[in-house]
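Chemist: One file is attached below, work.txt, containing compact mmCIF, C-alpha atoms.
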```
# COMPACT_ATOMS: atom_id res chain seq x y z
CA MET A 209 25.16 -1.70 -17.22
CA ALA A 210 26.57 -2.67 -13.82
CA VAL A 211 24.35 -4.47 -11.35
CA ASP A 212 25.09 -1.88 -8.66
CA THR A 213 22.90 0.71 -10.40
CA LEU A 214 19.74 -1.43 -10.29
CA LEU A 215 18.10 0.55 -7.50
CA GLU A 216 18.83 3.82 -9.31
CA ARG A 217 17.26 2.44 -12.48
CA ILE A 218 14.25 0.94 -10.69
CA THR A 219 13.54 4.18 -8.84
CA ASP A 220 14.14 6.32 -11.94
CA TYR A 221 10.74 7.73 -12.92
CA ALA A 222 11.30 6.53 -16.50
CA SER A 223 11.01 2.94 -15.19
CA ARG A 224 7.69 3.49 -13.43
CA PRO A 225 5.47 2.18 -16.27
CA ASP A 226 7.35 -1.15 -16.42
CA PRO A 227 9.93 -2.03 -13.77
CA TYR A 228 9.51 -5.77 -14.30
CA PRO A 229 12.46 -6.33 -16.70
CA LEU A 230 14.69 -4.72 -14.07
CA TYR A 231 13.24 -7.03 -11.43
CA ALA A 232 14.14 -10.00 -13.63
CA GLU A 233 17.70 -8.67 -13.80
CA LEU A 234 17.71 -8.30 -10.02
CA ARG A 235 16.59 -11.89 -9.47
CA GLU A 236 19.46 -13.09 -11.65
CA ALA A 237 21.87 -11.03 -9.54
CA GLY A 238 20.60 -12.58 -6.27
CA VAL A 239 21.77 -9.93 -3.82
CA ALA A 240 22.85 -6.68 -5.48
CA ARG A 241 24.99 -4.16 -3.59
CA GLN A 242 24.15 -0.64 -4.73
CA THR A 243 26.27 2.45 -5.33
CA ASP A 244 24.98 4.03 -2.11
CA GLY A 245 26.07 0.97 -0.09
CA SER A 246 22.59 -0.51 0.37
CA TYR A 247 21.61 -4.02 -0.68
CA LEU A 248 18.77 -4.91 -3.05
CA ILE A 249 17.05 -8.32 -3.00
CA GLY A 250 14.34 -9.58 -5.37
CA GLY A 251 13.98 -13.38 -5.03
CA TYR A 252 10.75 -14.68 -3.50
CA HIS A 253 12.27 -17.22 -1.11
CA ASP A 254 15.01 -14.85 0.05
CA ILE A 255 12.47 -12.08 0.74
CA VAL A 256 10.13 -14.38 2.69
CA ALA A 257 13.01 -15.72 4.78
CA LEU A 258 14.19 -12.20 5.61
CA LEU A 259 10.70 -10.90 6.43
CA HIS A 260 10.45 -13.71 9.01
CA ASP A 261 13.96 -13.14 10.39
CA PRO A 262 13.96 -11.23 13.74
CA ARG A 263 17.47 -9.98 12.92
CA LEU A 264 16.03 -7.75 10.20
CA SER A 265 14.67 -4.52 11.70
CA SER A 266 11.97 -2.18 10.42
CA ASP A 267 13.32 0.68 12.55
CA ARG A 268 15.59 2.87 10.44
CA ARG A 269 17.09 4.29 13.63
CA ASN A 270 19.11 1.04 13.66
CA ARG A 271 20.98 2.11 10.53
CA ALA A 272 24.72 2.62 10.79
CA ALA A 273 25.79 6.26 11.08
CA PRO A 274 26.41 6.99 7.36
CA TYR A 275 22.84 5.90 6.48
CA ARG A 276 20.83 7.37 9.35
CA GLY A 277 19.28 10.46 7.78
CA LEU A 278 17.36 12.42 10.40
CA ARG A 279 18.69 12.47 13.97
CA GLU A 280 16.72 10.46 16.51
CA ASP A 281 15.43 13.60 18.20
CA GLU A 282 13.83 14.60 14.89
CA GLU A 283 11.98 11.28 14.55
CA THR A 284 8.47 12.03 15.77
CA LEU A 285 5.27 9.99 15.54
CA VAL A 286 7.00 6.78 14.44
CA PRO A 287 4.24 4.36 13.30
CA PHE A 288 4.25 0.76 14.49
CA LEU A 289 5.06 -0.54 11.02
CA ARG A 290 8.49 1.06 11.51
CA LEU A 291 9.08 -0.49 14.91
CA ASP A 292 10.21 -3.95 16.03
CA ASP A 293 8.80 -6.29 18.64
CA PRO A 294 8.01 -6.02 21.47
CA GLU A 295 7.00 -2.37 20.92
CA HIS A 296 5.55 -3.14 17.50
CA HIS A 297 3.45 -5.98 18.93
CA ARG A 298 2.12 -3.82 21.77
CA LEU A 299 1.05 -0.95 19.52
CA ARG A 300 -0.31 -3.19 16.75
CA THR A 301 -2.35 -5.12 19.32
CA LEU A 302 -3.85 -1.90 20.70
CA ALA A 303 -4.63 -0.72 17.17
CA MET A 304 -6.26 -4.05 16.28
CA ARG A 305 -8.65 -4.15 19.24
CA PRO A 306 -11.35 -1.98 17.60
CA PHE A 307 -10.59 -3.26 14.08
CA GLY A 308 -10.41 -7.03 13.96
CA PRO A 309 -10.21 -10.39 15.74
CA PRO A 310 -10.30 -11.37 18.50
CA HIS A 311 -11.82 -8.27 20.11
CA SER A 312 -13.77 -6.87 17.14
CA PRO A 313 -14.21 -9.82 14.75
CA GLY A 314 -17.16 -8.34 12.88
CA ARG A 315 -15.81 -4.82 12.26
CA VAL A 316 -14.65 -5.27 8.67
CA ASP A 317 -17.51 -7.55 7.58
CA ALA A 318 -19.98 -5.06 9.03
CA MET A 319 -18.62 -2.45 6.62
CA ARG A 320 -19.50 -4.45 3.49
CA GLY A 321 -22.89 -2.75 3.18
CA GLU A 322 -21.42 0.73 3.61
CA ILE A 323 -18.63 -0.01 1.12
CA ALA A 324 -21.18 -1.33 -1.38
CA ARG A 325 -23.33 1.80 -0.93
CA ILE A 326 -20.40 4.19 -1.44
CA THR A 327 -19.31 2.17 -4.46
CA ARG A 328 -22.81 2.28 -6.00
CA GLU A 329 -22.95 6.05 -5.56
CA LEU A 330 -19.59 6.49 -7.30
CA ALA A 331 -20.52 4.05 -10.08
CA GLU A 332 -23.90 5.73 -10.63
CA ALA A 333 -22.12 9.04 -11.10
CA LEU A 334 -20.32 7.51 -14.09
CA ARG A 335 -23.53 6.89 -16.01
CA GLY A 336 -23.74 9.01 -19.13
CA ARG A 337 -20.08 10.03 -18.89
CA THR A 338 -17.98 9.71 -22.02
CA HIS A 339 -14.67 10.54 -20.33
CA LEU A 340 -13.39 10.07 -16.79
CA ASP A 341 -10.25 9.90 -14.71
CA LEU A 342 -10.54 6.60 -12.88
CA VAL A 343 -8.31 7.84 -10.05
CA ASP A 344 -10.00 11.16 -9.31
CA ASP A 345 -13.54 10.01 -10.08
CA PHE A 346 -13.53 6.60 -8.41
CA ALA A 347 -10.36 4.90 -7.14
CA TYR A 348 -9.36 7.71 -4.75
CA PRO A 349 -12.78 8.73 -3.37
CA LEU A 350 -13.83 5.18 -2.45
CA PRO A 351 -11.07 4.14 0.00
CA VAL A 352 -10.55 7.62 1.46
CA THR A 353 -14.28 7.84 2.21
CA VAL A 354 -14.26 4.37 3.78
CA ILE A 355 -11.24 4.94 6.01
CA CYS A 356 -12.51 8.37 7.10
CA ARG A 357 -15.87 6.83 8.05
CA LEU A 358 -14.11 4.03 9.91
CA LEU A 359 -11.91 6.40 11.89
CA GLY A 360 -14.57 9.07 12.35
CA VAL A 361 -13.27 11.92 10.17
CA PRO A 362 -16.01 14.33 9.02
CA ARG A 363 -16.68 14.14 5.30
CA GLU A 364 -16.02 17.84 4.78
CA ASP A 365 -12.46 17.38 6.10
CA GLU A 366 -11.54 14.53 3.74
CA PRO A 367 -9.89 16.69 1.02
CA VAL A 368 -7.31 18.11 3.43
CA PHE A 369 -5.67 14.69 3.79
CA ARG A 370 -4.56 14.35 0.18
CA ASP A 371 -1.62 16.75 0.41
CA TRP A 372 -0.60 15.44 3.83
CA SER A 373 -0.72 11.84 2.58
CA THR A 374 1.31 12.58 -0.54
CA THR A 375 4.02 14.27 1.53
CA ILE A 376 4.12 11.42 4.06
CA ILE A 377 4.37 8.76 1.34
CA ASP A 378 7.08 10.78 -0.42
CA ALA A 379 9.14 10.72 2.78
CA PHE A 380 9.06 6.90 2.84
CA ASP A 381 10.04 6.55 -0.81
CA VAL A 382 13.20 4.70 -1.85
CA ARG A 383 15.53 6.79 -4.00
CA SER A 384 19.11 5.76 -4.50
CA GLY A 385 21.87 8.36 -4.34
CA GLU A 386 19.70 11.18 -2.98
CA ASP A 387 19.84 13.08 0.30
CA ALA A 388 16.51 12.16 1.85
CA ASP A 389 16.64 14.61 4.77
CA LYS A 390 14.51 17.27 3.08
CA ARG A 391 11.77 14.79 2.16
CA GLN A 392 11.91 13.19 5.61
CA ARG A 393 11.55 16.55 7.37
CA ALA A 394 8.57 17.45 5.18
CA GLY A 395 7.05 14.05 5.94
CA ALA A 396 7.61 14.50 9.67
CA GLN A 397 5.92 17.89 9.54
CA ALA A 398 2.94 16.46 7.64
CA ARG A 399 2.64 13.59 10.14
CA THR A 400 2.72 16.08 13.01
CA GLU A 401 -0.03 18.23 11.48
CA MET A 402 -2.22 15.28 10.56
CA GLY A 403 -1.59 13.63 13.93
CA ARG A 404 -2.54 16.78 15.83
CA TYR A 405 -5.78 17.02 13.86
CA LEU A 406 -6.69 13.35 14.45
CA VAL A 407 -5.87 13.43 18.17
CA ASP A 408 -8.01 16.54 18.64
CA LEU A 409 -10.83 14.76 16.79
CA ALA A 410 -10.42 11.73 19.05
CA GLU A 411 -10.36 13.81 22.23
CA ARG A 412 -13.77 15.24 21.39
CA ARG A 413 -15.08 11.68 21.73
CA ARG A 414 -13.48 10.96 25.11
CA GLY A 415 -16.31 10.06 27.49
CA ARG A 416 -18.79 10.20 24.59
CA PRO A 417 -18.13 6.93 22.77
CA ASP A 418 -19.48 6.13 19.32
CA ASP A 419 -18.77 3.36 16.82
CA THR A 420 -15.63 4.94 15.28
CA MET A 421 -12.06 3.77 15.80
CA LEU A 422 -10.88 7.14 17.11
CA SER A 423 -13.54 6.85 19.79
CA ALA A 424 -12.46 3.30 20.60
CA PHE A 425 -8.86 4.41 21.04
CA VAL A 426 -9.62 7.12 23.62
CA ASN A 427 -12.38 5.20 25.41
CA ALA A 428 -10.60 1.85 25.76
CA PRO A 429 -10.82 0.29 29.25
CA ALA A 430 -7.76 1.10 31.33
CA SER A 431 -7.20 -2.63 31.89
CA ASP A 432 -6.59 -3.06 28.13
CA GLY A 433 -3.76 -0.55 28.08
CA ALA A 434 -3.91 2.84 26.43
CA LEU A 435 -2.15 4.71 23.68
CA THR A 436 -0.26 7.84 24.69
CA ARG A 437 -1.13 11.01 22.80
CA GLU A 438 1.94 10.52 20.56
CA GLU A 439 1.13 6.84 19.97
CA LEU A 440 -2.48 7.69 19.15
CA ALA A 441 -1.33 10.32 16.66
CA ALA A 442 1.17 7.97 14.98
CA THR A 443 -1.32 5.10 14.83
CA ALA A 444 -4.20 7.20 13.49
CA VAL A 445 -1.96 8.77 10.82
CA LEU A 446 -0.74 5.33 9.76
CA LEU A 447 -4.27 3.91 9.52
CA LEU A 448 -5.57 6.86 7.53
CA VAL A 449 -2.67 7.00 5.08
CA ALA A 450 -2.17 3.25 4.65
CA GLY A 451 -5.93 2.73 4.69
CA HIS A 452 -6.44 4.48 1.39
CA GLU A 453 -3.12 5.00 -0.43
CA THR A 454 -2.49 1.32 -1.18
CA THR A 455 -6.11 0.63 -2.09
CA VAL A 456 -6.15 3.49 -4.61
CA ASN A 457 -3.25 1.78 -6.38
CA LEU A 458 -4.83 -1.67 -6.13
CA ILE A 459 -8.07 -0.51 -7.78
CA THR A 460 -6.32 1.60 -10.42
CA ASN A 461 -3.75 -1.06 -11.28
CA GLY A 462 -6.62 -3.54 -11.45
CA VAL A 463 -8.57 -1.51 -13.98
CA LEU A 464 -5.46 -0.90 -16.07
CA THR A 465 -4.64 -4.63 -16.05
CA LEU A 466 -8.17 -5.67 -17.03
CA LEU A 467 -8.26 -3.20 -19.92
CA ARG A 468 -4.92 -4.57 -21.11
CA HIS A 469 -6.32 -8.13 -20.90
CA PRO A 470 -9.75 -7.94 -22.56
CA ASP A 471 -10.06 -11.73 -22.63
CA GLN A 472 -9.85 -11.85 -18.84
CA LEU A 473 -12.18 -8.86 -18.54
CA ASP A 474 -14.76 -10.69 -20.65
CA ARG A 475 -14.35 -13.79 -18.51
CA LEU A 476 -14.98 -11.81 -15.31
CA LEU A 477 -18.08 -10.29 -16.90
CA ARG A 478 -19.34 -13.83 -17.52
CA GLU A 479 -18.08 -15.23 -14.21
CA PRO A 480 -18.06 -12.45 -11.58
CA GLU A 481 -17.65 -15.10 -8.88
CA LEU A 482 -13.97 -15.20 -9.95
CA MET A 483 -13.41 -11.67 -8.64
CA PRO A 484 -11.91 -12.64 -5.24
CA ALA A 485 -9.29 -14.79 -7.00
CA ALA A 486 -8.75 -12.04 -9.58
CA VAL A 487 -7.96 -9.54 -6.81
CA GLU A 488 -5.41 -11.95 -5.33
CA GLU A 489 -3.82 -12.26 -8.77
CA LEU A 490 -3.73 -8.46 -9.11
CA LEU A 491 -1.95 -8.29 -5.75
CA ARG A 492 0.68 -10.60 -7.23
CA TYR A 493 0.82 -9.31 -10.80
CA GLU A 494 0.48 -5.52 -10.29
CA PRO A 495 0.76 -4.90 -6.53
CA PRO A 496 0.38 -1.48 -4.93
CA VAL A 497 3.55 -1.87 -2.81
CA HIS A 498 6.82 -2.62 -4.61
CA LEU A 499 9.68 -1.98 -2.18
CA LEU A 500 10.21 -2.43 1.57
CA GLN A 501 13.13 -1.04 3.57
CA ARG A 502 14.81 -2.95 6.40
CA VAL A 503 18.01 -2.84 8.50
CA PRO A 504 20.04 -5.89 9.67
CA LEU A 505 20.65 -5.97 13.44
CA ALA A 506 23.51 -8.40 12.82
CA HIS A 507 25.39 -9.76 9.83
CA ILE A 508 22.94 -11.96 7.87
CA ASP A 509 23.94 -14.48 5.21
CA VAL A 510 21.53 -14.76 2.28
CA ALA A 511 21.86 -16.06 -1.27
CA GLY A 512 25.62 -16.40 -1.02
CA ALA A 513 26.14 -12.86 0.27
CA THR A 514 26.41 -11.22 3.70
CA LEU A 515 24.15 -8.31 4.62
CA PRO A 516 26.23 -6.16 7.03
CA LYS A 517 24.78 -4.96 10.31
CA GLY A 518 23.27 -1.47 10.04
CA VAL A 519 23.44 -1.22 6.25
CA PRO A 520 20.03 -0.59 4.57
CA VAL A 521 18.36 -3.45 2.73
CA VAL A 522 15.63 -2.94 0.11
CA LEU A 523 13.32 -5.90 -0.49
CA ALA A 524 11.67 -5.74 -3.92
CA VAL A 525 8.48 -7.59 -2.96
CA ALA A 526 6.93 -6.94 -6.38
CA SER A 527 9.89 -8.77 -7.89
CA GLY A 528 9.39 -11.69 -5.52
CA SER A 529 5.79 -12.05 -6.64
CA ARG A 530 7.01 -12.48 -10.24
CA ASP A 531 9.75 -14.98 -9.38
CA PRO A 532 9.61 -17.96 -11.81
CA ARG A 533 11.20 -20.14 -9.12
CA ARG A 534 7.99 -19.71 -7.12
CA PHE A 535 5.20 -19.07 -9.66
CA GLN A 536 4.43 -20.77 -12.95
CA ASN A 537 4.26 -18.31 -15.86
CA PRO A 538 4.76 -15.39 -13.45
CA ASP A 539 4.42 -12.70 -16.12
CA ARG A 540 0.98 -14.02 -17.12
CA PHE A 541 -2.11 -12.45 -15.56
CA ASP A 542 -4.29 -15.42 -14.59
CA PRO A 543 -7.36 -14.73 -12.39
CA THR A 544 -7.82 -18.49 -11.91
CA ARG A 545 -4.31 -19.03 -10.47
CA GLN A 546 -4.59 -21.46 -7.56
CA ASP A 547 -1.19 -21.44 -5.84
CA ASN A 548 -0.94 -17.73 -5.13
CA GLN A 549 0.94 -16.92 -1.94
CA HIS A 550 1.94 -13.49 -3.23
CA LEU A 551 3.77 -10.76 -1.34
CA GLY A 552 1.20 -8.07 -2.13
CA PHE A 553 0.52 -7.55 1.59
CA GLY A 554 4.05 -8.37 2.74
CA SER A 555 4.75 -11.25 5.11
CA GLY A 556 5.82 -11.89 8.69
CA ILE A 557 4.94 -9.73 11.69
CA HIS A 558 4.31 -6.69 9.48
CA LEU A 559 1.75 -8.42 7.27
CA CYS A 560 -0.61 -5.64 6.17
CA TYR A 561 -2.95 -4.69 9.02
CA GLY A 562 -5.69 -3.55 6.62
CA ALA A 563 -5.56 -6.46 4.16
CA PRO A 564 -9.13 -7.70 4.85
CA LEU A 565 -10.57 -4.23 4.27
CA ALA A 566 -8.50 -3.66 1.12
CA ARG A 567 -9.69 -6.98 -0.32
CA ILE A 568 -13.35 -6.11 0.22
CA GLU A 569 -12.91 -2.63 -1.27
CA ALA A 570 -11.09 -3.92 -4.36
CA GLN A 571 -13.53 -6.77 -4.96
CA THR A 572 -16.53 -4.48 -4.56
CA ALA A 573 -15.04 -1.68 -6.67
CA LEU A 574 -13.91 -3.83 -9.59
CA THR A 575 -17.18 -5.77 -9.67
CA ALA A 576 -19.13 -2.50 -9.85
CA LEU A 577 -16.84 -1.19 -12.59
CA LEU A 578 -17.03 -4.28 -14.85
CA PRO A 579 -20.05 -3.08 -16.93
CA HIS A 580 -18.33 0.26 -17.56
CA LEU A 581 -15.00 -1.36 -18.41
CA SER A 582 -16.61 -3.55 -21.06
CA THR A 583 -16.84 -0.51 -23.34
CA ALA A 584 -13.93 1.55 -21.96
CA THR A 585 -10.66 2.34 -23.72
CA LEU A 586 -7.45 3.79 -22.33
CA THR A 587 -6.79 7.38 -23.37
CA GLU A 588 -3.08 6.96 -22.55
CA ASP A 589 -1.11 3.76 -22.27
CA PRO A 590 1.04 3.87 -20.29
CA PRO A 591 -0.78 6.45 -18.18
CA PRO A 592 1.05 9.06 -16.08
CA TYR A 593 2.36 7.41 -12.91
CA ARG A 594 2.81 8.70 -9.39
CA HIS A 595 6.38 9.58 -8.55
CA SER A 596 6.74 6.98 -5.80
CA ALA A 597 8.57 3.76 -6.64
CA LEU A 598 7.56 2.26 -3.30
CA LEU A 599 3.79 2.74 -3.76
CA ARG A 600 3.50 2.31 -7.52
CA GLY A 601 0.35 3.20 -9.43
CA PRO A 602 -1.04 5.63 -12.02
CA ARG A 603 -1.53 9.21 -10.81
CA HIS A 604 -4.30 9.50 -13.38
CA LEU A 605 -6.04 6.88 -15.49
CA PRO A 606 -8.04 8.71 -18.18
CA LEU A 607 -10.66 6.54 -19.91
CA ASP A 608 -13.02 6.99 -22.82
CA LEU A 609 -16.41 5.40 -22.21
CA ALA A 610 -19.16 4.20 -24.51
CA PRO A 611 -22.66 3.19 -23.38
CA PRO A 612 -22.68 -0.26 -21.68
CA ARG A 613 -23.40 -3.15 -24.00
CA ASP A 614 -27.00 -4.27 -24.25
CA LYS A 615 -27.24 -7.63 -22.51
CA GLY A 616 -30.38 -8.42 -24.43
```
Could you render the structure as C-alpha cells?

Modeler:
Amino acid sequence: MAVDTLLERITDYASRPDPYPLYAELREAGVARQTDGSYLIGGYHDIVALLHDPRLSSDRRNRAAPYRGLREDEETLVPFLRLDDPEHHRLRTLAMRPFGPPHSPGRVDAMRGEIARITRELAEALRGRTHLDLVDDFAYPLPVTVICRLLGVPREDEPVFRDWSTTIIDAFDVRSGEDADKRQRAGAQARTEMGRYLVDLAERRRGRPDDTMLSAFVNAPASDGALTREELAATAVLLLVAGHETTVNLITNGVLTLLRHPDQLDRLLREPELMPAAVEELLRYEPPVHLLQRVPLAHIDVAGATLPKGVPVVLAVASGSRDPRRFQNPDRFDPTRQDNQHLGFGSGIHLCYGAPLARIEAQTALTALLPHLSTATLTEDPPPYRHSALLRGPRHLPLDLAPPRDKG
C-alpha cells in the first residue's frame, strides 16, 4: 500500500489496538506526504529537532487557506498549548505561578498525601470485587478528582466534565481525509460552556482567596499581570481537560502493559522501588499522547524533504519513542531502562505543563494496584479503545479478579 495513506491507516479505528507496525513503516519512509497534503513524521531525531524549531507553529490559524478549517472569528478560547511565543510564554507563565516553580515550588509535592488518600479510597473499593472496569472504577476517577480539587471544582460537579472533555478532545483529533469543521465547532461549543462554568466558579473566589488555582488566578497581584476573562476560561479548560485525560490513558495503558508482561509485574511486586522508572518506560512504550499537529511558518528542510509553509505537519511522537535509532530494543518493555529520554510529554517549549503531577498520580496509582493485578486477568485483549488516535488508550479495561495472593 502506498506510503501516502499512512495517516489514514494510523487513524483508522481498526489500528487503535496496535499502531506500532505502521509507525515502523513511517520511520522507514522518513517524511511521508499524505493524500490530504499534510506531512507525517515519525523519527525520534527529526521530531525533537522540529519541536525545538521556532519556525514550526502550534497555532493552526497559520495554516494555508485550503487547510484552515474554522474561520478565525470562530476560534474562541484558544489554549496556550496552541499558541506560539511570545503569547504562549506569557500565558504559560501566568498559569504556572500557582502551580509550580519558581513561584509555587511546593504545590505538586504538597498534593502527594491527597493523591495517596484518594488512591487508597479507590483501591479499598476494589476489595472483594471479582470483576471491574479499570477505567470507570479507578483510572478515570483518580485524576479527575485530583485536578478538580486542585482547581477548586466542587465534587458534585465532576461528572458534568466527562462529556465536555470527550467533545473537546474529539475536536483536536487527527483524522485524514475528513472535514473537521463539525467536530471543531462542537469542541468550540464545549470549551465555551466549560469555560463559562469555570470562570463563574473563579469569580466567586475574587476577594475571598483560598488555596485553589482558580482562586490564585483571580486574586493574583496586579503587578504579576492578570488573565483576561477569555484567557482565564481557556487556561482553566486546558488544565482541567489535559489534567485528567492523559493521566487516565497513562494509568490504563500501564495496567494493560503490566498484565501483558507478567514477568515485569512480578518484578515490580518484589521491587516496588522500580515504579518511577517503570512509569517512565510506560511513557515511552505505551504513551497517552501519540500525535501532535504543527504548521511550518516557513519552508523547513528535514530528512531529505521540504515541509512547505502553511501545510499541516503531524508528528508521531509515539513512533519516535520506539525509534531503534534512538532506543535499544525499542519494542521491549523494560522498567529498568536507563537511557530513556522519551517523547511521552513532548519536548521543547510545549513540554507538558502537568508532567510532575501526572508522574506522581501514575506512580501512586500503579503501586496501589499491584496487589490486585497479581491475580487479575484481562476479560478482553485487546480491550475496546477510545476513538481518538491522538490520545490513545482503552475506553474500558474489564478485569477479572481473584483474592490477592497470601504473602505468608

Chemist: Here is a test: counting only C-alpha atoms, which residue of A:Arg404, A:Arg600, A:Arg320, A:His558 is nearest to Pro496 (chain A)?

Modeler: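 Comparing A:Arg404, A:Arg600, A:Arg320, A:His558 against Pro496 (chain A), the winner is A:Arg600.
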
Chemist: Could you tell me which of A:Pro606, A:Pro495, A:Gly462, A:Gly251 comes closest to Met483 (chain A) if we count all atoms listed in the file?

Modeler: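 Counting all atoms listed in the file, the residue closest to Met483 (chain A) is A:Gly462.
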
Chemist: Would you compute the distance between CA of Asp542 (chain A) and CA of Glu233 (chain A)? Give it in Å to one decimal.

Modeler: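 Value for the CA of Asp542 (chain A)-CA of Glu233 (chain A) distance: 23.0 Å.
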
Chemist: Would you compute the distance between CA of Pro484 (chain A) and CA of Arg567 (chain A)? Give it in Å to one decimal.

Modeler: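 CA of Arg567 (chain A) lies 7.8 Å from CA of Pro484 (chain A).
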
Chemist: Kindly indicate which residue among A:Arg594, A:Gly360, A:Gln397, A:Gly552 lies nearest to Leu422 (chain A), using all atoms listed in the file for the distances.

Modeler: A:Gly360

Chemist: What's the 10 Å shell around Val407 (chain A), counting all atoms listed in the file, without same-chain residues fewer than 6 positions away, as a PyMOL selection string?

Modeler: chain A and resi 422+425-426+437-442+444-445

Chemist: So, with only C-alpha atoms as the atoms that count, which of A:Ile218, A:Ala434, A:Leu259, A:Ile249 lies closest to Asp531 (chain A)?

Modeler: A:Ile249

Chemist: Just the number, please: distance in Å from CA of Pro310 (chain A) to CA of Thr443 (chain A), one decimal.

Modeler: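 According to the coordinates, CA of Pro310 (chain A) and CA of Thr443 (chain A) are separated by 19.1 Å.
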
Chemist: Please check which residues have atoms at most 7 Å from (-10.7, 1.9, -22.5) in the file's coordinates, counting only C-alpha atoms, and write them as a list in words.

Modeler: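 Protein and nucleic acid residues near the point are Leu467, Leu581, Thr583, Ala584, Thr585, Leu586, Thr587, Leu607, Asp608 and Leu609 of chain A.
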
Chemist: Skipping near chain neighbours, those fewer than 5 positions away, what residues fall within 9 Å of region 485-490 of chain A using only C-alpha atoms, listed as a list in words?

Modeler: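 The residues that qualify are Leu458, Asn461, Gly462, Thr465, Leu476, Pro495, Phe541, Asp542, Pro543, Thr544, Arg545, Gln546, Asn548, Gln549, His550, Gly552, Arg567, Ala570, Gln571 and Leu574 of chain A.
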
Chemist: Calculated over only C-alpha atoms, which of the candidates A:Ala506, A:Cys356, A:Leu605, A:Ala566 has the smallest distance to Ala272 (chain A)?

Modeler: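 Closest candidate: A:Ala506.
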
Chemist: Between A:Asn457, A:Gln501, A:Ser246, A:Thr436, which residue has the minimum interatomic distance to Val525 (chain A), considering all atoms listed in the file?

Modeler: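 Of A:Asn457, A:Gln501, A:Ser246, A:Thr436, the one nearest Val525 (chain A), counting all atoms listed in the file, is A:Gln501.
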
Chemist: Quick one: residues within 12 Å of Asp418 (chain A), all atoms listed in the file counted, chain neighbours fewer than 4 positions away excluded, as a VMD selection string?

Modeler: chain A and resid 306 357 to 360 410 412 to 414 422 to 428

Chemist: Any idea what's packed within 9 Å of Leu289 (chain A), counting all atoms listed in the file, ignoring anything in its chain fewer than 6 positions away? Could you give it as a list in words?

Modeler: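 In the requested format, the answer is Ser266, Asp267, His296, Arg300, Leu446 and His558 of chain A.
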
Chemist: Find the spatial neighbours of Ala318 (chain A), counting only C-alpha atoms, within a cut-off of 12 Å - ignore same-chain residues fewer than 5 positions away - and output them as a VMD selection string.

Modeler: chain A and resid 307 to 308 312 to 313 323 to 324 358 419 564 to 565 568
